[in-house]
>>> print(open('final33.txt').read())   # compact mmCIF, C-alpha atoms
# COMPACT_ATOMS: atom_id res chain seq x y z
CA MET Z 239 -16.84 9.56 15.31
CA SER Z 240 -17.99 12.78 13.74
CA LEU Z 241 -15.78 15.14 11.83
CA ASP Z 242 -18.44 17.68 10.95
CA LEU Z 243 -17.10 18.18 7.45
CA PRO Z 244 -19.00 19.90 4.69
CA PRO Z 245 -20.28 17.60 1.95
CA THR Z 246 -18.15 17.29 -1.15
CA HIS Z 247 -19.51 19.01 -4.21
CA ARG Z 248 -19.96 17.27 -7.45
CA HIS Z 249 -18.14 19.93 -9.47
CA GLU Z 250 -14.97 19.28 -7.48
CA HIS Z 251 -14.92 15.80 -8.91
CA ASP Z 252 -15.28 16.75 -12.55
CA ARG Z 253 -12.06 16.22 -14.32
CA GLN Z 254 -10.63 15.54 -17.71
CA ALA Z 255 -10.49 11.84 -18.37
CA VAL Z 256 -7.01 10.58 -19.13
CA PRO Z 257 -6.90 10.30 -22.93
CA SER Z 258 -6.50 6.93 -24.56
CA ASP Z 259 -2.80 7.62 -25.03
CA PRO Z 260 -1.47 8.26 -21.55
CA ALA Z 261 2.07 8.20 -22.95
CA LEU Z 262 1.45 11.51 -24.74
CA ARG Z 263 -0.35 12.98 -21.75
CA VAL Z 264 2.48 12.07 -19.38
CA LYS Z 265 5.15 13.34 -21.78
CA ALA Z 266 3.34 16.69 -22.04
CA LEU Z 267 2.94 16.86 -18.27
CA GLU Z 268 6.62 16.13 -17.67
CA SER Z 269 7.81 18.80 -20.10
CA LEU Z 270 5.45 21.32 -18.50
CA LEU Z 271 6.71 20.51 -14.99
CA VAL Z 272 10.32 20.69 -16.16
CA GLU Z 273 9.75 24.00 -17.97
CA LYS Z 274 8.17 25.45 -14.84
CA GLY Z 275 11.18 24.27 -12.83
CA LEU Z 276 9.00 22.06 -10.66
CA VAL Z 277 10.84 18.79 -11.33
CA ASP Z 278 14.37 17.90 -12.32
CA PRO Z 279 14.29 15.16 -15.00
CA ALA Z 280 17.47 13.71 -13.49
CA ALA Z 281 15.54 13.12 -10.24
CA LEU Z 282 12.87 11.25 -12.22
CA ASP Z 283 15.56 9.15 -13.93
CA ALA Z 284 17.08 8.31 -10.54
CA LEU Z 285 13.72 7.27 -9.05
CA VAL Z 286 12.81 5.07 -12.03
CA ASP Z 287 16.25 3.47 -11.93
CA ALA Z 288 16.03 2.80 -8.18
CA TYR Z 289 12.73 0.92 -8.46
CA GLU Z 290 13.64 -0.85 -11.71
CA HIS Z 291 17.06 -2.03 -10.62
CA LYS Z 292 17.74 -1.67 -6.88
CA ILE Z 293 14.59 -2.02 -4.83
CA GLY Z 294 12.79 -5.31 -5.38
CA PRO Z 295 11.85 -8.71 -3.95
CA ARG Z 296 15.47 -9.87 -3.78
CA ASN Z 297 15.77 -7.56 -0.75
CA GLY Z 298 12.94 -9.34 1.04
CA ALA Z 299 14.33 -12.72 0.01
CA ARG Z 300 17.62 -11.91 1.75
CA VAL Z 301 15.73 -10.94 4.91
CA VAL Z 302 13.80 -14.24 4.83
CA ALA Z 303 16.93 -16.32 4.15
CA ARG Z 304 18.70 -14.71 7.08
CA ALA Z 305 15.72 -15.34 9.37
CA TRP Z 306 15.77 -19.00 8.33
CA SER Z 307 19.51 -19.26 9.03
CA ASP Z 308 19.84 -17.20 12.19
CA PRO Z 309 17.29 -17.83 15.00
CA ALA Z 310 18.32 -14.70 16.93
CA TYR Z 311 17.77 -12.58 13.80
CA LYS Z 312 14.38 -14.21 13.26
CA GLN Z 313 13.36 -13.25 16.80
CA ARG Z 314 14.42 -9.65 16.19
CA LEU Z 315 12.58 -9.62 12.85
CA LEU Z 316 9.33 -10.82 14.42
CA SER Z 317 9.54 -8.51 17.44
CA ASN Z 318 10.96 -5.35 15.80
CA ALA Z 319 10.85 -5.66 12.04
CA ASP Z 320 11.93 -2.06 11.32
CA ALA Z 321 15.24 -2.49 13.14
CA ALA Z 322 15.89 -6.00 11.84
CA ILE Z 323 15.22 -5.00 8.23
CA ALA Z 324 17.42 -1.92 8.68
CA GLU Z 325 20.24 -4.25 9.83
CA MET Z 326 20.16 -5.68 6.31
CA GLY Z 327 20.38 -2.18 4.85
CA TYR Z 328 16.75 -1.87 3.73
CA GLY Z 329 14.03 0.57 4.69
CA GLY Z 330 12.46 3.85 3.70
CA PHE Z 331 9.55 4.92 1.57
CA GLN Z 332 6.43 2.74 1.99
CA GLY Z 333 8.22 0.53 4.48
CA GLU Z 334 8.73 2.97 7.33
CA HIS Z 335 6.67 0.83 9.74
CA MET Z 336 7.01 -2.89 9.11
CA VAL Z 337 5.47 -5.97 10.68
CA VAL Z 338 6.57 -9.49 9.75
CA VAL Z 339 4.09 -12.35 10.17
CA GLU Z 340 5.25 -15.96 10.25
CA ASN Z 341 3.76 -18.89 8.38
CA SER Z 342 3.81 -22.34 9.94
CA ALA Z 343 2.28 -25.75 9.38
CA LYS Z 344 -0.85 -24.47 11.13
CA VAL Z 345 -1.02 -20.78 10.14
CA HIS Z 346 -0.99 -19.18 6.69
CA ASN Z 347 -0.78 -15.39 6.32
CA LEU Z 348 -1.93 -13.39 3.31
CA VAL Z 349 -1.41 -9.64 2.73
CA VAL Z 350 -3.74 -7.31 0.83
CA CYS Z 351 -4.71 -3.65 0.65
CA THR Z 352 -8.43 -3.48 -0.07
CA LEU Z 353 -8.57 0.35 -0.11
CA CYS Z 354 -5.66 1.10 -2.46
CA SER Z 355 -2.49 -0.91 -3.08
CA CYS Z 356 -0.25 -0.54 -0.01
CA TYR Z 357 2.75 -2.84 -0.25
CA PRO Z 358 6.18 -2.97 1.47
CA TRP Z 359 8.28 -1.30 -1.24
CA PRO Z 360 11.75 -1.44 0.40
CA VAL Z 361 11.64 -5.24 0.68
CA LEU Z 362 9.38 -6.24 -2.24
CA GLY Z 363 9.70 -3.36 -4.70
CA LEU Z 364 6.63 -2.02 -6.47
CA PRO Z 365 3.59 -4.31 -6.47
CA PRO Z 366 2.66 -6.45 -9.48
CA VAL Z 367 -0.50 -5.60 -11.44
CA TRP Z 368 -2.56 -8.43 -9.91
CA TYR Z 369 -1.93 -7.13 -6.37
CA LYS Z 370 -3.28 -3.69 -7.40
CA SER Z 371 -6.22 -5.11 -9.34
CA ALA Z 372 -9.89 -5.24 -8.34
CA PRO Z 373 -10.12 -9.07 -8.40
CA TYR Z 374 -7.42 -9.48 -5.73
CA ARG Z 375 -8.35 -6.45 -3.63
CA SER Z 376 -12.03 -7.43 -3.53
CA ARG Z 377 -11.70 -11.15 -2.83
CA ALA Z 378 -8.64 -11.62 -0.62
CA VAL Z 379 -10.64 -10.71 2.50
CA ILE Z 380 -13.90 -12.55 1.73
CA ASP Z 381 -12.52 -15.65 0.01
CA PRO Z 382 -8.82 -16.05 0.81
CA ARG Z 383 -8.87 -19.79 0.22
CA GLY Z 384 -10.43 -19.31 -3.21
CA VAL Z 385 -7.80 -16.69 -4.04
CA LEU Z 386 -5.01 -19.02 -2.92
CA ARG Z 387 -6.49 -21.81 -5.05
CA GLU Z 388 -6.21 -19.52 -8.09
CA PHE Z 389 -2.51 -19.21 -7.31
CA GLY Z 390 -2.30 -23.02 -7.19
CA LEU Z 391 -2.20 -23.27 -3.41
CA GLU Z 392 -4.74 -25.59 -1.78
CA LEU Z 393 -4.62 -25.27 2.00
CA PRO Z 394 -5.72 -28.11 4.28
CA GLU Z 395 -8.83 -27.36 6.34
CA ASP Z 396 -6.90 -27.46 9.62
CA VAL Z 397 -4.67 -24.56 8.56
CA GLU Z 398 -5.79 -21.19 9.92
CA VAL Z 399 -5.78 -18.39 7.35
CA ARG Z 400 -4.97 -14.87 8.57
CA VAL Z 401 -5.54 -12.06 6.10
CA TRP Z 402 -3.80 -8.74 6.80
CA ASP Z 403 -5.56 -5.73 5.27
CA SER Z 404 -3.02 -2.88 5.07
CA THR Z 405 -5.41 -0.06 5.90
CA ALA Z 406 -2.85 2.06 7.80
CA GLU Z 407 0.82 2.96 7.30
CA VAL Z 408 2.02 -0.40 8.62
CA ARG Z 409 3.36 -2.67 5.87
CA TYR Z 410 3.31 -6.45 6.19
CA LEU Z 411 5.80 -9.05 5.01
CA VAL Z 412 5.11 -12.78 5.26
CA LEU Z 413 7.93 -14.95 6.57
CA PRO Z 414 7.29 -18.16 4.62
CA GLU Z 415 8.00 -21.65 5.91
CA ARG Z 416 11.46 -22.94 5.14
CA PRO Z 417 11.04 -25.92 2.81
CA ALA Z 418 12.29 -29.37 3.79
CA GLY Z 419 15.49 -30.46 2.11
CA THR Z 420 17.24 -27.10 2.49
CA GLU Z 421 19.11 -27.94 5.70
CA GLY Z 422 22.59 -27.66 4.22
CA MET Z 423 21.98 -24.52 2.18
CA ASN Z 424 23.63 -21.18 2.88
CA GLU Z 425 21.80 -17.85 2.98
CA GLU Z 426 22.53 -16.98 -0.62
CA ALA Z 427 21.19 -20.29 -1.91
CA LEU Z 428 18.14 -19.98 0.34
CA ALA Z 429 17.44 -16.41 -0.82
CA ALA Z 430 17.38 -17.65 -4.43
CA LEU Z 431 14.44 -19.91 -3.54
CA VAL Z 432 12.30 -17.20 -1.91
CA THR Z 433 9.67 -15.75 -4.22
CA ARG Z 434 7.75 -12.49 -4.11
CA ASP Z 435 4.50 -14.46 -4.05
CA ALA Z 436 5.59 -16.37 -0.93
CA MET Z 437 6.35 -13.09 0.85
CA VAL Z 438 2.87 -11.74 0.01
CA GLY Z 439 1.37 -15.04 1.11
CA VAL Z 440 -0.06 -16.25 -2.23
CA GLY Z 441 2.60 -18.94 -2.60
CA LYS Z 442 4.89 -21.22 -0.67
CA VAL Z 443 8.62 -21.60 -1.07
CA SER Z 444 9.62 -24.86 -2.68
CA LEU Z 445 12.90 -26.35 -3.81
CA LYS Z 446 11.65 -26.32 -7.40
CA VAL Z 447 10.78 -22.66 -7.65
CA GLY Z 448 13.41 -20.39 -9.09
CA SER Z 449 11.33 -17.83 -10.95
CA THR Z 450 11.33 -14.14 -10.16
CA ALA Z 451 7.63 -14.14 -9.17
CA MET J 227 -16.26 8.01 1.23
CA ASN J 228 -18.26 4.99 0.11
CA SER J 229 -16.83 4.63 -3.38
CA VAL J 230 -15.49 1.71 -5.43
CA HIS J 231 -11.94 2.05 -4.11
CA ASP J 232 -13.30 0.41 -0.94
CA MET J 233 -13.69 -2.96 -2.64
CA GLY J 234 -13.07 -5.52 0.11
CA GLY J 235 -15.77 -8.20 -0.14
CA MET J 236 -17.14 -7.22 -3.56
CA HIS J 237 -18.02 -9.90 -6.11
CA GLY J 238 -17.87 -9.94 -9.90
CA MET J 239 -14.41 -8.47 -10.46
CA GLY J 240 -13.23 -11.51 -12.41
CA PRO J 241 -10.24 -13.84 -12.12
CA ILE J 242 -6.83 -12.84 -10.79
CA VAL J 243 -4.39 -12.69 -13.68
CA GLU J 244 -0.75 -13.24 -12.80
CA GLU J 245 1.79 -12.17 -15.41
CA LYS J 246 4.96 -14.21 -15.64
CA ASN J 247 8.21 -12.23 -15.47
CA GLU J 248 6.30 -9.00 -15.09
CA PRO J 249 8.36 -5.82 -15.64
CA VAL J 250 8.36 -3.14 -12.93
CA PHE J 251 6.88 -0.68 -15.45
CA HIS J 252 5.04 -1.86 -18.56
CA ASP J 253 5.76 1.30 -20.50
CA GLU J 254 8.09 4.24 -20.06
CA TRP J 255 5.25 6.61 -19.14
CA GLU J 256 4.36 4.48 -16.11
CA GLY J 257 7.82 5.02 -14.63
CA ARG J 258 7.70 8.74 -15.44
CA ILE J 259 4.31 9.37 -13.78
CA PHE J 260 5.34 7.25 -10.80
CA ALA J 261 8.52 9.32 -10.37
CA MET J 262 6.67 12.60 -10.97
CA ASN J 263 4.25 11.77 -8.15
CA LEU J 264 7.17 11.20 -5.77
CA ALA J 265 9.14 14.24 -6.94
CA MET J 266 6.14 16.61 -6.82
CA GLY J 267 5.35 15.37 -3.32
CA ALA J 268 8.60 17.00 -2.22
CA TRP J 269 6.92 20.42 -2.61
CA ARG J 270 4.99 19.44 0.53
CA LYS J 271 1.76 20.90 -0.81
CA TRP J 272 -0.08 17.72 0.11
CA ASN J 273 0.41 14.54 2.14
CA ILE J 274 -0.02 10.84 1.41
CA ASP J 275 -3.60 10.86 2.70
CA ALA J 276 -4.53 13.72 0.37
CA SER J 277 -2.93 11.91 -2.56
CA ARG J 278 -4.89 8.72 -1.79
CA HIS J 279 -8.05 10.78 -1.53
CA ALA J 280 -7.35 12.44 -4.90
CA ARG J 281 -7.44 8.97 -6.50
CA GLU J 282 -10.57 7.96 -4.57
CA LEU J 283 -12.36 10.99 -6.02
CA ILE J 284 -12.03 9.58 -9.54
CA PRO J 285 -15.63 8.79 -10.55
CA PRO J 286 -16.37 5.08 -9.94
CA ALA J 287 -16.77 3.97 -13.58
CA GLU J 288 -13.52 5.73 -14.50
CA TYR J 289 -11.76 4.29 -11.45
CA LEU J 290 -12.61 0.74 -12.50
CA ARG J 291 -11.70 1.36 -16.15
CA MET J 292 -8.34 3.00 -15.48
CA SER J 293 -5.09 1.15 -14.94
CA TYR J 294 -3.19 1.80 -11.72
CA TYR J 295 -0.83 4.36 -13.26
CA GLU J 296 -3.65 6.08 -15.18
CA LYS J 297 -5.10 6.78 -11.74
CA TRP J 298 -1.74 8.23 -10.75
CA VAL J 299 -1.92 10.59 -13.76
CA ALA J 300 -5.43 11.75 -12.82
CA GLY J 301 -4.54 12.01 -9.12
CA LEU J 302 -1.37 14.06 -9.71
CA ILE J 303 -3.16 16.50 -12.03
CA GLU J 304 -5.85 17.00 -9.40
CA LEU J 305 -3.23 17.63 -6.68
CA ILE J 306 -1.05 20.07 -8.61
CA VAL J 307 -4.04 22.08 -9.82
CA LYS J 308 -5.69 22.24 -6.39
CA SER J 309 -2.42 23.24 -4.75
CA GLU J 310 -1.91 25.92 -7.43
CA LEU J 311 1.48 24.67 -8.58
CA VAL J 312 0.03 24.43 -12.09
CA THR J 313 -3.15 25.72 -13.70
CA ARG J 314 -5.64 23.65 -15.66
CA ASP J 315 -4.91 25.88 -18.70
CA GLU J 316 -1.20 25.11 -18.46
CA ILE J 317 -1.95 21.39 -18.46
CA GLU J 318 -4.29 21.63 -21.43
CA SER J 319 -1.85 23.74 -23.43
CA ALA J 320 1.26 21.94 -22.08
CA THR J 321 2.87 25.39 -21.82
CA PRO J 322 3.67 27.55 -18.78
CA ALA J 323 1.47 30.62 -18.43
CA ALA J 324 3.05 33.91 -19.55
CA ASP J 325 3.33 35.09 -15.93
CA SER J 326 4.70 31.77 -14.62
CA VAL J 327 7.90 32.24 -12.62
CA LYS J 328 10.40 29.44 -13.10
CA ALA J 329 10.99 27.54 -9.86
CA VAL J 330 14.00 25.57 -8.67
CA PRO J 331 13.09 21.86 -8.49
CA ALA J 332 12.40 20.59 -4.96
CA LEU J 333 14.51 17.48 -5.50
CA THR J 334 17.82 16.77 -7.20
CA ALA J 335 18.63 13.19 -8.21
CA ASP J 336 20.67 12.70 -5.02
CA GLN J 337 17.93 14.17 -2.86
CA ALA J 338 15.38 11.89 -4.53
CA ILE J 339 17.39 8.81 -3.58
CA ALA J 340 17.89 10.14 -0.05
CA ARG J 341 14.15 10.80 0.23
CA ILE J 342 13.16 7.23 -0.60
CA ALA J 343 15.86 5.84 1.68
CA THR J 344 14.59 7.90 4.63
CA GLY J 345 10.93 7.53 3.84
CA ILE J 346 8.16 9.68 5.25
CA PRO J 347 7.28 8.21 8.65
CA ALA J 348 3.64 8.50 9.70
CA LYS J 349 4.42 7.60 13.32
CA ARG J 350 4.46 10.50 15.77
CA ASN J 351 6.49 10.63 18.93
CA VAL J 352 3.76 12.27 21.00
CA ASP J 353 1.74 11.22 23.99
CA ALA J 354 -1.72 10.11 23.01
CA PRO J 355 -3.94 8.03 25.28
CA ALA J 356 -4.38 4.42 24.18
CA ARG J 357 -8.07 3.79 24.85
CA PHE J 358 -7.67 0.06 24.19
CA LYS J 359 -5.37 -2.74 25.32
CA VAL J 360 -4.13 -5.85 23.56
CA GLY J 361 -6.69 -8.61 24.07
CA GLN J 362 -9.60 -6.22 24.58
CA ARG J 363 -12.88 -6.76 22.70
CA VAL J 364 -13.91 -3.78 20.62
CA ARG J 365 -16.61 -2.77 18.21
CA THR J 366 -15.86 -0.64 15.16
CA CYS J 367 -17.93 2.46 14.54
CA ASN J 368 -20.73 2.33 12.06
CA MET J 369 -19.93 5.51 10.20
CA HIS J 370 -20.12 6.66 6.60
CA PRO J 371 -18.15 9.88 6.20
CA VAL J 372 -18.44 11.48 2.77
CA ARG J 373 -14.74 12.32 2.90
CA HIS J 374 -11.57 10.28 3.34
CA THR J 375 -11.46 7.39 5.80
CA ARG J 376 -9.43 4.20 6.12
CA LEU J 377 -12.18 2.25 7.86
CA PRO J 378 -13.36 -0.14 5.15
CA ARG J 379 -17.09 -0.73 4.79
CA TYR J 380 -16.81 -4.46 5.39
CA ALA J 381 -15.38 -3.83 8.87
CA ARG J 382 -17.85 -1.20 10.13
CA GLY J 383 -20.02 -2.01 13.13
CA ARG J 384 -18.16 -5.30 13.72
CA PHE J 385 -16.78 -6.96 16.83
CA GLY J 386 -13.10 -7.80 17.05
CA THR J 387 -10.15 -8.12 19.40
CA ILE J 388 -7.12 -5.84 19.72
CA ASN J 389 -4.19 -7.93 18.44
CA ARG J 390 -1.41 -5.35 18.77
CA ASP J 391 -0.83 -1.67 19.37
CA HIS J 392 1.30 -0.22 16.55
CA GLY J 393 1.89 3.10 18.31
CA VAL J 394 0.77 6.65 17.53
CA PHE J 395 0.17 7.67 13.90
CA VAL J 396 -1.20 10.55 11.84
CA PHE J 397 -4.98 10.30 11.42
CA PRO J 398 -5.86 10.12 7.70
CA ASP J 399 -9.48 11.24 8.09
CA THR J 400 -8.33 14.74 9.04
CA ASP J 401 -4.89 14.76 7.40
CA ALA J 402 -6.31 14.11 3.92
CA HIS J 403 -8.28 17.36 4.20
CA PHE J 404 -5.47 19.42 5.79
CA LEU J 405 -7.41 19.55 9.07
CA GLY J 406 -4.46 18.50 11.19
CA GLU J 407 -2.59 15.29 11.97
CA LYS J 408 -4.59 14.43 15.10
CA PRO J 409 -2.08 11.71 16.10
CA GLN J 410 -3.61 8.66 17.79
CA HIS J 411 -2.98 4.98 18.40
CA VAL J 412 -3.34 2.49 15.58
CA TYR J 413 -4.17 -1.09 16.47
CA SER J 414 -4.26 -4.30 14.53
CA VAL J 415 -7.77 -5.61 15.18
CA CYS J 416 -8.54 -9.28 14.62
CA PHE J 417 -11.98 -10.13 13.23
CA ALA J 418 -13.22 -13.69 12.95
CA ALA J 419 -13.96 -14.30 9.27
CA ARG J 420 -17.49 -15.34 10.30
CA GLU J 421 -18.07 -12.06 12.10
CA LEU J 422 -17.45 -10.30 8.78
CA TRP J 423 -18.85 -12.75 6.24
CA GLY J 424 -21.21 -15.09 8.08
CA ALA J 425 -21.43 -18.85 7.95
CA GLN J 426 -19.90 -19.15 4.47
CA ALA J 427 -16.48 -18.29 5.94
CA GLU J 428 -14.18 -20.87 7.50
CA GLU J 429 -14.49 -21.00 11.26
CA LYS J 430 -10.73 -20.88 11.81
CA ASP J 431 -9.99 -17.93 9.54
CA SER J 432 -9.63 -14.27 10.47
CA VAL J 433 -8.98 -10.86 8.97
CA TYR J 434 -6.67 -8.37 10.68
CA VAL J 435 -7.42 -4.72 9.95
CA ASP J 436 -5.39 -1.74 11.12
CA MET J 437 -7.67 0.69 12.95
CA TRP J 438 -7.19 4.16 14.39
CA ASP J 439 -8.33 4.72 17.97
CA GLU J 440 -11.29 6.85 16.83
CA TYR J 441 -12.67 4.03 14.71
CA LEU J 442 -13.25 1.91 17.82
CA GLU J 443 -15.50 1.73 20.85
CA PRO J 444 -15.44 -0.69 23.79
CA ALA J 445 -17.49 -3.83 23.15
>>> encode(input="final33.txt", output="structure tokens")
Amino acid sequence: MSLDLPPTHRHEHDRQAVPSDPALRVKALESLLVEKGLVDPAALDALVDAYEHKIGPRNGARVVARAWSDPAYKQRLLSNADAAIAEMGYGGFQGEHMVVVENSAKVHNLVVCTLCSCYPWPVLGLPPVWYKSAPYRSRAVIDPRGVLREFGLELPEDVEVRVWDSTAEVRYLVLPERPAGTEGMNEEALAALVTRDAMVGVGKVSLKVGSTA
Amino acid sequence: MNSVHDMGGMHGMGPIVEEKNEPVFHDEWEGRIFAMNLAMGAWRKWNIDASRHARELIPPAEYLRMSYYEKWVAGLIELIVKSELVTRDEIESATPAADSVKAVPALTADQAIARIATGIPAKRNVDAPARFKVGQRVRTCNMHPVRHTRLPRYARGRFGTINRDHGVFVFPDTDAHFLGEKPQHVYSVCFAARELWGAQAEEKDSVYVDMWDEYLEPA
């Protein structure tokens, strides 16, 4: 492919480094943008509140719990994730085009974005620092089993590892395996077991886990 | 561009550190710059590909030193200056220029919530030929554009198999530079881990990379 674009010029890249106190820099930038009428501080408050309190991994956990409880829903989720996730009331920014990949006894899926930090916001919220960090982004594709070991997950040799690099606008969610011993549990109880890490593919769901990670 | 943002396969970045009970934002300013990026995007002076490219242009040593949201500060400043919403002098003085005309914000609080609920779809409902079919063997282009691309270095010039056709999407290589959306098919392409990394990789393992039609040629 050739785009025939002019080369970038070094001077375009020169910029002020962010000072050591980004808090002051950001405060000054916000007051400038507000004074110029470019942003409404109430809109900023609403966005921060939405991602701090409303949009997070509990959304994805409810999707997973429903898929575990309802085979017809699971089929819809795997064949048309956008519609199935919308049925649960979730969707939107950074989750406009979703694909759900299923873990099994023989297949383990792991999601990464090597080029930036793409992540399915409507179902998992904003990504944790480790997901956005160089160690994870660099190694998930070349050494997924080593990465999983660092998360305490040792996979048997006969399990196939599939790494999904989110290079486009498709966002991936892992449907973890339902743990044994949960047969009598309802969706709400199941959702409480599902962790963010399991839905990224760096963990498994177990009966013992109840943390927010 | 071949910069450090394209880090798939690099060594030496250290251990992965997982923080227990991590907050969504570690400090108030992180939430504010996050929200400012979203709210300023509503002026439609740039697109998501241009905003990614603004962060990729951060010089490599700075890119690696900065935290995620520090990159969002640098990227937003670059975007608002280039799109002439704000001048560099205004940022340095934190004061509107004398001749600055006060605008009406592009987003109210309600509109902000509606915007994230709707999202900004990158899929386009247009006819574009799919040059490849599911199951077909392909080879990725060996190309090194100096500008924005979403074809990672580790997957250039490699053989893979079309796993699924996601449909027709905006093409970031042109969109990031305001050269048009050039909608085309995006496929999930499956690469054997050994095709990418050699014998050190597990035979069973694979890496699936989303690829625009133009990144591929028949194998």
>>> closest_atom_pairs(input="final33.txt", of="chain J", to="chain Z", cutoff="6 Å", atoms="all atoms listed in the file", output="CSV")
residue,atom,partner,partner_atom,distance
J:His231,CA,Z:Leu353,CA,5.5
J:Asp232,CA,Z:Leu353,CA,4.8
J:Met233,CA,Z:Ser376,CA,4.9
J:Gly234,CA,Z:Ser376,CA,4.2
J:Gly235,CA,Z:Ile380,CA,5.1
J:Met236,CA,Z:Ser376,CA,5.1
J:Met239,CA,Z:Pro373,CA,4.8
J:Gly240,CA,Z:Pro373,CA,5.6
J:Ile242,CA,Z:Pro373,CA,5.5
J:Val243,CA,Z:Trp368,CA,6.0
J:Glu244,CA,Z:Trp368,CA,5.9
J:Val250,CA,Z:Glu290,CA,5.9
J:Trp255,CA,Z:Ala261,CA,5.2
J:Gly257,CA,Z:Val286,CA,5.6
J:Ala261,CA,Z:Leu282,CA,5.1
J:Ala320,CA,Z:Leu270,CA,5.5
J:Thr321,CA,Z:Leu270,CA,5.9
J:Lys328,CA,Z:Lys274,CA,4.9
J:Ala329,CA,Z:Gly275,CA,4.4
J:Val330,CA,Z:Gly275,CA,5.2
J:Pro331,CA,Z:Leu276,CA,4.6
J:Thr334,CA,Z:Ala281,CA,5.3
J:Ala335,CA,Z:Ala281,CA,3.7
J:Ala338,CA,Z:Ala281,CA,5.8
J:Ile342,CA,Z:Phe331,CA,4.8
J:Ala343,CA,Z:Gly330,CA,4.4
J:Thr344,CA,Z:Gly330,CA,4.7
J:Gly345,CA,Z:Phe331,CA,3.7
J:Pro347,CA,Z:Glu334,CA,5.6
J:Arg376,CA,Z:Thr405,CA,5.9
J:Lys430,CA,Z:Glu398,CA,5.3
J:Asp431,CA,Z:Val399,CA,4.8
J:Ser432,CA,Z:Arg400,CA,5.1
J:Val433,CA,Z:Val401,CA,4.6
J:Tyr434,CA,Z:Trp402,CA,4.8
J:Val435,CA,Z:Asp403,CA,5.1
J:Asp436,CA,Z:Thr405,CA,5.5
>>> residues_around(input="final33.txt", residues="segment 383-392 of chain J", least_positions_apart="2", cutoff="8 Å", atoms="all atoms listed in the file", output="ChimeraX atom specification")
/Z:408 /J:358-368,381,394,411-418,421-422,445
>>> residues_around(input="final33.txt", residues="Lys442 of chain Z", least_positions_apart="4", cutoff="10 Å", atoms="all atoms listed in the file", output="short mmCIF file (atom, residue, chain, number, x, y, z; two decimals) with C-alpha atoms, keeping the file's coordinate frame")
data_model
loop_
_atom_site.label_atom_id
_atom_site.label_comp_id
_atom_site.auth_asym_id
_atom_site.auth_seq_id
_atom_site.Cartn_x
_atom_site.Cartn_y
_atom_site.Cartn_z
CA ASN Z 341 3.76 -18.89 8.38
CA HIS Z 346 -0.99 -19.18 6.69
CA GLY Z 390 -2.30 -23.02 -7.19
CA LEU Z 391 -2.20 -23.27 -3.41
CA PRO Z 414 7.29 -18.16 4.62
CA GLU Z 415 8.00 -21.65 5.91
CA ARG Z 416 11.46 -22.94 5.14
CA PRO Z 417 11.04 -25.92 2.81
CA VAL Z 432 12.30 -17.20 -1.91
CA THR Z 433 9.67 -15.75 -4.22
CA ARG Z 434 7.75 -12.49 -4.11
CA ASP Z 435 4.50 -14.46 -4.05
CA ALA Z 436 5.59 -16.37 -0.93
CA MET Z 437 6.35 -13.09 0.85
CA VAL Z 438 2.87 -11.74 0.01
CA VAL Z 447 10.78 -22.66 -7.65
#
>>> residues_near_point(input="final33.txt", point="(-12.8, 3.6, -15.3)", cutoff="12 Å", atoms="all atoms listed in the file", output="JSON, numbers by chain")
{"Z": [255, 256, 257, 258, 372], "J": [230, 231, 281, 282, 283, 284, 285, 286, 287, 288, 289, 290, 291, 292, 293, 294, 296, 297, 300]}
>>> residues_around(input="final33.txt", residues="Leu362 of chain Z", least_positions_apart="5", cutoff="8 Å", atoms="all atoms listed in the file", output="PyMOL selection string")
chain Z and resi 293-298+357+434
